[in-house]
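Colleague: My structure is below; once you've seen it, I'll send some questions.
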Amino acid sequence: MINENGGKSETAKGSLLRVIVLDVGHGNCAIAQDGEEVAIIDAPKTSILPLCLDAQGNPTVRHLILSHADEDHIGGAQALLAHDDILVKELWINPNSRQYSKTYLDLLTVARDRFLAKGLEVSTNLNIGARDRLSFGRVKIEILHPDIIYAGIGPTVSRHPFGQITSNGMSAVLRISLADDAAVLLPGDMDAAAFGALASSGSNLGAPVLVFPHHGGSAGGRSERDFSARLCAAVRPELIVFSTGRRRYANPTPDVMAGIRAEAPRAHVACTQLSRRCHDVDLDRTLFEHVLTDLPAAGGPSGLSCAGSIAIEWDSGKIAYRPLRSLHQRFIEMHVATPLCALEPQVSRLV
C-alpha cells in the first residue's frame with residue numbers, strides 16, 4: 001500500500017531514493033533518483049528540469065531515456081546534453097524514420113557528435129531486448145514495451161502487414177521499482193494498440209502510481225472509457241497522475257475519467273496543472289499552499305498548478321508520496337468549480 005508523506009523530504013540527499021514527476025506544463029518528465037545518480041525519463045523544453053537537477057547538486061545522469069520522438073518529450077534533451085554542469089552518461093532513444101522535426105534531427109546530430117567525442121554513450125534499442133540495462137543502484141527500471149516485433153518494425157503506415165504502428169505506439173513503457181518495491185508505471189504516450197500488445201504479453205504492469213498516458217487525451221482506440229478502465233485494471237494504481245499544461249489542452253477528457261472512476265473509484269487523481277475542464281479561470285497563486293516547495297513546478301509562479309510536481313519516495317520499506325492527498329483534495333474542494341477528479345460527479349459549487 002502506498003502512504004503519504006507531508007512537507008519536505010527529510011531524507012539526506014545522498015540516500016534519497018525516489019521518483020519525481022515534474023510539473024513541466026504540457027509534456028512529460030520524470031526523474032528516478034538513487035542518491036547522487038539519476039535517470040531522466042523524457043525531457044521537454046522547460047527550465048524546470050535543469051532547476052530541479054541544480055537543486056539536487058547536479059547529480060550524475062546515468063541514463064537520459066526518451067520514450068519517443070514527440071516534441072513534448074524530447075524538446076529539452078539537446079540543451080541537457082550541452083549543459084556545462086550536467087553530466088549525461090548515456091542516451092536511450094528509438095529510431096523513428098517518420099519523424100522529420102528539426103528538434104529530433106538536431107538532437108540526433110548532437111548525440112552523434114557527443115558520441116564521437118567519447119563523451120556520451122548512445123543506445124538505440126529502447127525495447128524489451130535491453131533487459132535490465134536501465135537499472136542502477138536501488139532503482140530497477142523495466143522496459144515493458146516496445147516488444148521485439150514493434151522494435152523490429154518501427155512506425156509504419158496503415159497498409160503494413162502488422163497494421164499501423166504510430167509514433168505513440170512505439171512509446172517506451174517503463175515500470176520503476178525502488179528497493180524492489182514497485183513504485184511507478186510510466187507509459188509515455190502509449191496508444192490503445194500498444195496497450196493491447198502489452199496486455200497480451202503477460203507483463204506485470206502493477207504499480208501504486210500510474211502516470212496516465214498521453215496526458216489524458218485520446219489513445220486512438222474505439223473507446224477512451226474502455227481504454228482507461230482496462231489500463232487501471234492492469235495497473236491497480238492508488239495514485240493516478242496526469243502531466244498536463246493548463247494553457248494547451250483541456251485534459252483529461254471526461255471519458256478517460258469515467259473509465260478511471262469505474263475501475264479505480266477510490267484512487268487519488270492528481271493533475272500537475274489545473275485543467276480548464278475543472279476551472280475556467282486562473283487562480284491566485286497564493287492558494288497553492290499544498291504545492292511542494294522543495295521541487296520546482298512550471299505552474300507555480302503563474303498560478304496554473306493543481307498538484308504541481310510530485311515526489312514518490314521510498315523510506316524504511318514503504319512507498320510514500322507528496323503532496324498529501326488530504327491537502328490536495330482540500331484545495332480542490334475549496335477552490336475548484338467542477339473537478340473531474342471528484343469521487344462523485346459534481347456540479348459547480350463556486351460562484
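By convention in this document, the chains of the C-alpha cells carry letters A, B, ... by their order, each chain's residues are numbered from 1, and ligands are numbered from 1 in the order they are shown.
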Using only C-alpha atoms, what table do you get, as CSV, when you list each residue of segment 249-314 of chain A with an atom no more than 9 Å from segment 33-52 of chain A, its nearest pair of atoms, and their distance in Å rounded to one decimal, rows by chain then rising number?

Modeller:
residue,atom,partner,partner_atom,distance
A:Asp294,CA,A:Cys52,CA,8.9
A:Leu295,CA,A:Cys52,CA,6.4
A:Pro296,CA,A:Ile48,CA,6.1
A:Ala297,CA,A:Ile48,CA,6.5
A:Ala298,CA,A:Ile48,CA,6.4

Colleague: Name the residues in contact with Gly196 of chain A at a cut-off of 10 Å, using only C-alpha atoms, excluding same-chain residues fewer than 4 positions from it; report them as a list of chain:residue names.

Modeller: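 Residues near the query, excluding close chain neighbours: A:Asp191, A:Ala192, A:Ser200, A:Ser201, A:Phe227, A:Arg230, A:Leu231.
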
Colleague: Ranking A:Ala267, A:Ile149, A:Val24, A:Cys29 by minimum distance to Ile65 of chain A and counting only C-alpha atoms, which one comes first?

Modeller: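 Of A:Ala267, A:Ile149, A:Val24, A:Cys29, the one nearest Ile65 of chain A is A:Cys29, counting only C-alpha atoms.
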
Colleague: What parts of segment 20-126 of chain A does DSSP call helix (DSSP H, G or I)? I'd like the answer as a count of residues only.

Modeller: 33

Colleague: Output as a Markdown table one row per residue of segment 12-32 of chain A within 9 Å of segment 301-311 of chain A: the closest atom pair and its distance in Å to one decimal place, counting only C-alpha atoms, sorted by chain and residue number ascending.

Modeller:
| residue | atom | partner | partner_atom | distance |
| --- | --- | --- | --- | --- |
| A:Arg18 | CA | A:Ala311 | CA | 6.9 |
| A:Val19 | CA | A:Ala311 | CA | 6.0 |
| A:Ile20 | CA | A:Ala311 | CA | 4.5 |
| A:Val21 | CA | A:Ile310 | CA | 5.1 |
| A:Leu22 | CA | A:Ser309 | CA | 4.5 |
| A:Asp23 | CA | A:Ser309 | CA | 4.6 |
| A:Val24 | CA | A:Ser309 | CA | 8.3 |
| A:Gly25 | CA | A:Leu304 | CA | 8.9 |

Colleague: For the selection you just gave me, I'd like the residues written to a file as an mmCIF file, in the first residue's frame, keeping C-alpha atoms.

Modeller:
data_model
loop_
_atom_site.group_PDB
_atom_site.id
_atom_site.type_symbol
_atom_site.label_atom_id
_atom_site.label_comp_id
_atom_site.auth_asym_id
_atom_site.auth_seq_id
_atom_site.Cartn_x
_atom_site.Cartn_y
_atom_site.Cartn_z
ATOM 1 C CA ARG A 18 12.561 8.340 -5.245
ATOM 2 C CA VAL A 19 10.800 9.149 -8.485
ATOM 3 C CA ILE A 20 9.896 12.766 -9.192
ATOM 4 C CA VAL A 21 7.114 13.583 -11.642
ATOM 5 C CA LEU A 22 7.836 17.168 -12.601
ATOM 6 C CA ASP A 23 5.212 19.729 -13.483
ATOM 7 C CA VAL A 24 6.558 20.835 -16.867
ATOM 8 C CA GLY A 25 3.280 22.049 -18.334
#

Colleague: Compile the contact shell of Ile332 of chain A as a VMD selection string: residues with an atom at most 10 Å away, counting only C-alpha atoms, same-chain residues fewer than 3 positions apart removed.

Modeller: chain A and resid 274 278 to 279 306 to 307 326 to 329 335 to 339 341 to 342

Colleague: Could those selected residues go to a file with N, CA, C and O atoms, as a PDB file, in the first residue's frame?

Modeller:
ATOM      1  N   LEU A 274      -3.861  22.635 -13.350  1.00  0.00           N
ATOM      2  CA  LEU A 274      -5.318  22.645 -13.259  1.00  0.00           C
ATOM      3  C   LEU A 274      -5.943  22.639 -14.653  1.00  0.00           C
ATOM      4  O   LEU A 274      -5.710  23.535 -15.464  1.00  0.00           O
ATOM      5  N   CYS A 278     -11.918  21.732 -15.340  1.00  0.00           N
ATOM      6  CA  CYS A 278     -12.261  21.757 -13.912  1.00  0.00           C
ATOM      7  C   CYS A 278     -12.508  23.176 -13.396  1.00  0.00           C
ATOM      8  O   CYS A 278     -13.302  23.378 -12.476  1.00  0.00           O
ATOM      9  N   HIS A 279     -11.817  24.140 -13.991  1.00  0.00           N
ATOM     10  CA  HIS A 279     -11.973  25.530 -13.558  1.00  0.00           C
ATOM     11  C   HIS A 279     -11.574  26.418 -14.732  1.00  0.00           C
ATOM     12  O   HIS A 279     -10.456  26.316 -15.237  1.00  0.00           O
ATOM     13  N   CYS A 306      -2.162  22.479 -10.105  1.00  0.00           N
ATOM     14  CA  CYS A 306      -3.177  21.751  -9.364  1.00  0.00           C
ATOM     15  C   CYS A 306      -2.428  20.988  -8.265  1.00  0.00           C
ATOM     16  O   CYS A 306      -2.316  21.461  -7.156  1.00  0.00           O
ATOM     17  N   ALA A 307      -1.838  19.830  -8.612  1.00  0.00           N
ATOM     18  CA  ALA A 307      -0.987  19.142  -7.627  1.00  0.00           C
ATOM     19  C   ALA A 307       0.457  19.626  -7.698  1.00  0.00           C
ATOM     20  O   ALA A 307       1.212  19.474  -6.746  1.00  0.00           O
ATOM     21  N   SER A 326      -4.767  14.627   1.313  1.00  0.00           N
ATOM     22  CA  SER A 326      -5.722  15.426   2.076  1.00  0.00           C
ATOM     23  C   SER A 326      -5.601  16.912   1.751  1.00  0.00           C
ATOM     24  O   SER A 326      -6.608  17.619   1.620  1.00  0.00           O
ATOM     25  N   LEU A 327      -4.355  17.394   1.591  1.00  0.00           N
ATOM     26  CA  LEU A 327      -4.151  18.806   1.283  1.00  0.00           C
ATOM     27  C   LEU A 327      -4.590  19.136  -0.139  1.00  0.00           C
ATOM     28  O   LEU A 327      -5.192  20.174  -0.401  1.00  0.00           O
ATOM     29  N   HIS A 328      -4.264  18.241  -1.065  1.00  0.00           N
ATOM     30  CA  HIS A 328      -4.656  18.445  -2.459  1.00  0.00           C
ATOM     31  C   HIS A 328      -6.176  18.450  -2.589  1.00  0.00           C
ATOM     32  O   HIS A 328      -6.765  19.309  -3.267  1.00  0.00           O
ATOM     33  N   GLN A 329      -6.837  17.511  -1.926  1.00  0.00           N
ATOM     34  CA  GLN A 329      -8.281  17.441  -2.048  1.00  0.00           C
ATOM     35  C   GLN A 329      -8.962  18.616  -1.353  1.00  0.00           C
ATOM     36  O   GLN A 329     -10.016  19.088  -1.806  1.00  0.00           O
ATOM     37  N   HIS A 335     -11.586  25.452  -3.896  1.00  0.00           N
ATOM     38  CA  HIS A 335     -11.293  26.445  -4.918  1.00  0.00           C
ATOM     39  C   HIS A 335     -11.616  26.029  -6.354  1.00  0.00           C
ATOM     40  O   HIS A 335     -11.555  26.880  -7.244  1.00  0.00           O
ATOM     41  N   VAL A 336     -11.932  24.765  -6.604  1.00  0.00           N
ATOM     42  CA  VAL A 336     -12.125  24.282  -7.973  1.00  0.00           C
ATOM     43  C   VAL A 336     -13.609  24.045  -8.224  1.00  0.00           C
ATOM     44  O   VAL A 336     -14.286  23.343  -7.458  1.00  0.00           O
ATOM     45  N   ALA A 337     -14.118  24.610  -9.315  1.00  0.00           N
ATOM     46  CA  ALA A 337     -15.559  24.635  -9.544  1.00  0.00           C
ATOM     47  C   ALA A 337     -16.142  23.267  -9.868  1.00  0.00           C
ATOM     48  O   ALA A 337     -17.096  22.812  -9.233  1.00  0.00           O
ATOM     49  N   THR A 338     -15.619  22.594 -10.902  1.00  0.00           N
ATOM     50  CA  THR A 338     -16.178  21.313 -11.350  1.00  0.00           C
ATOM     51  C   THR A 338     -15.056  20.292 -11.518  1.00  0.00           C
ATOM     52  O   THR A 338     -14.693  19.938 -12.640  1.00  0.00           O
ATOM     53  N   PRO A 339     -14.495  19.811 -10.424  1.00  0.00           N
ATOM     54  CA  PRO A 339     -13.332  18.920 -10.502  1.00  0.00           C
ATOM     55  C   PRO A 339     -13.683  17.553 -11.091  1.00  0.00           C
ATOM     56  O   PRO A 339     -14.552  16.847 -10.571  1.00  0.00           O
ATOM     57  N   CYS A 341     -11.830  15.060 -10.953  1.00  0.00           N
ATOM     58  CA  CYS A 341     -11.269  14.025 -10.098  1.00  0.00           C
ATOM     59  C   CYS A 341     -12.129  13.768  -8.869  1.00  0.00           C
ATOM     60  O   CYS A 341     -11.794  12.898  -8.049  1.00  0.00           O
ATOM     61  N   ALA A 342     -13.214  14.498  -8.681  1.00  0.00           N
ATOM     62  CA  ALA A 342     -14.075  14.278  -7.525  1.00  0.00           C
ATOM     63  C   ALA A 342     -14.572  12.838  -7.511  1.00  0.00           C
ATOM     64  O   ALA A 342     -14.813  12.220  -8.544  1.00  0.00           O
TER      65      ALA A 342
END
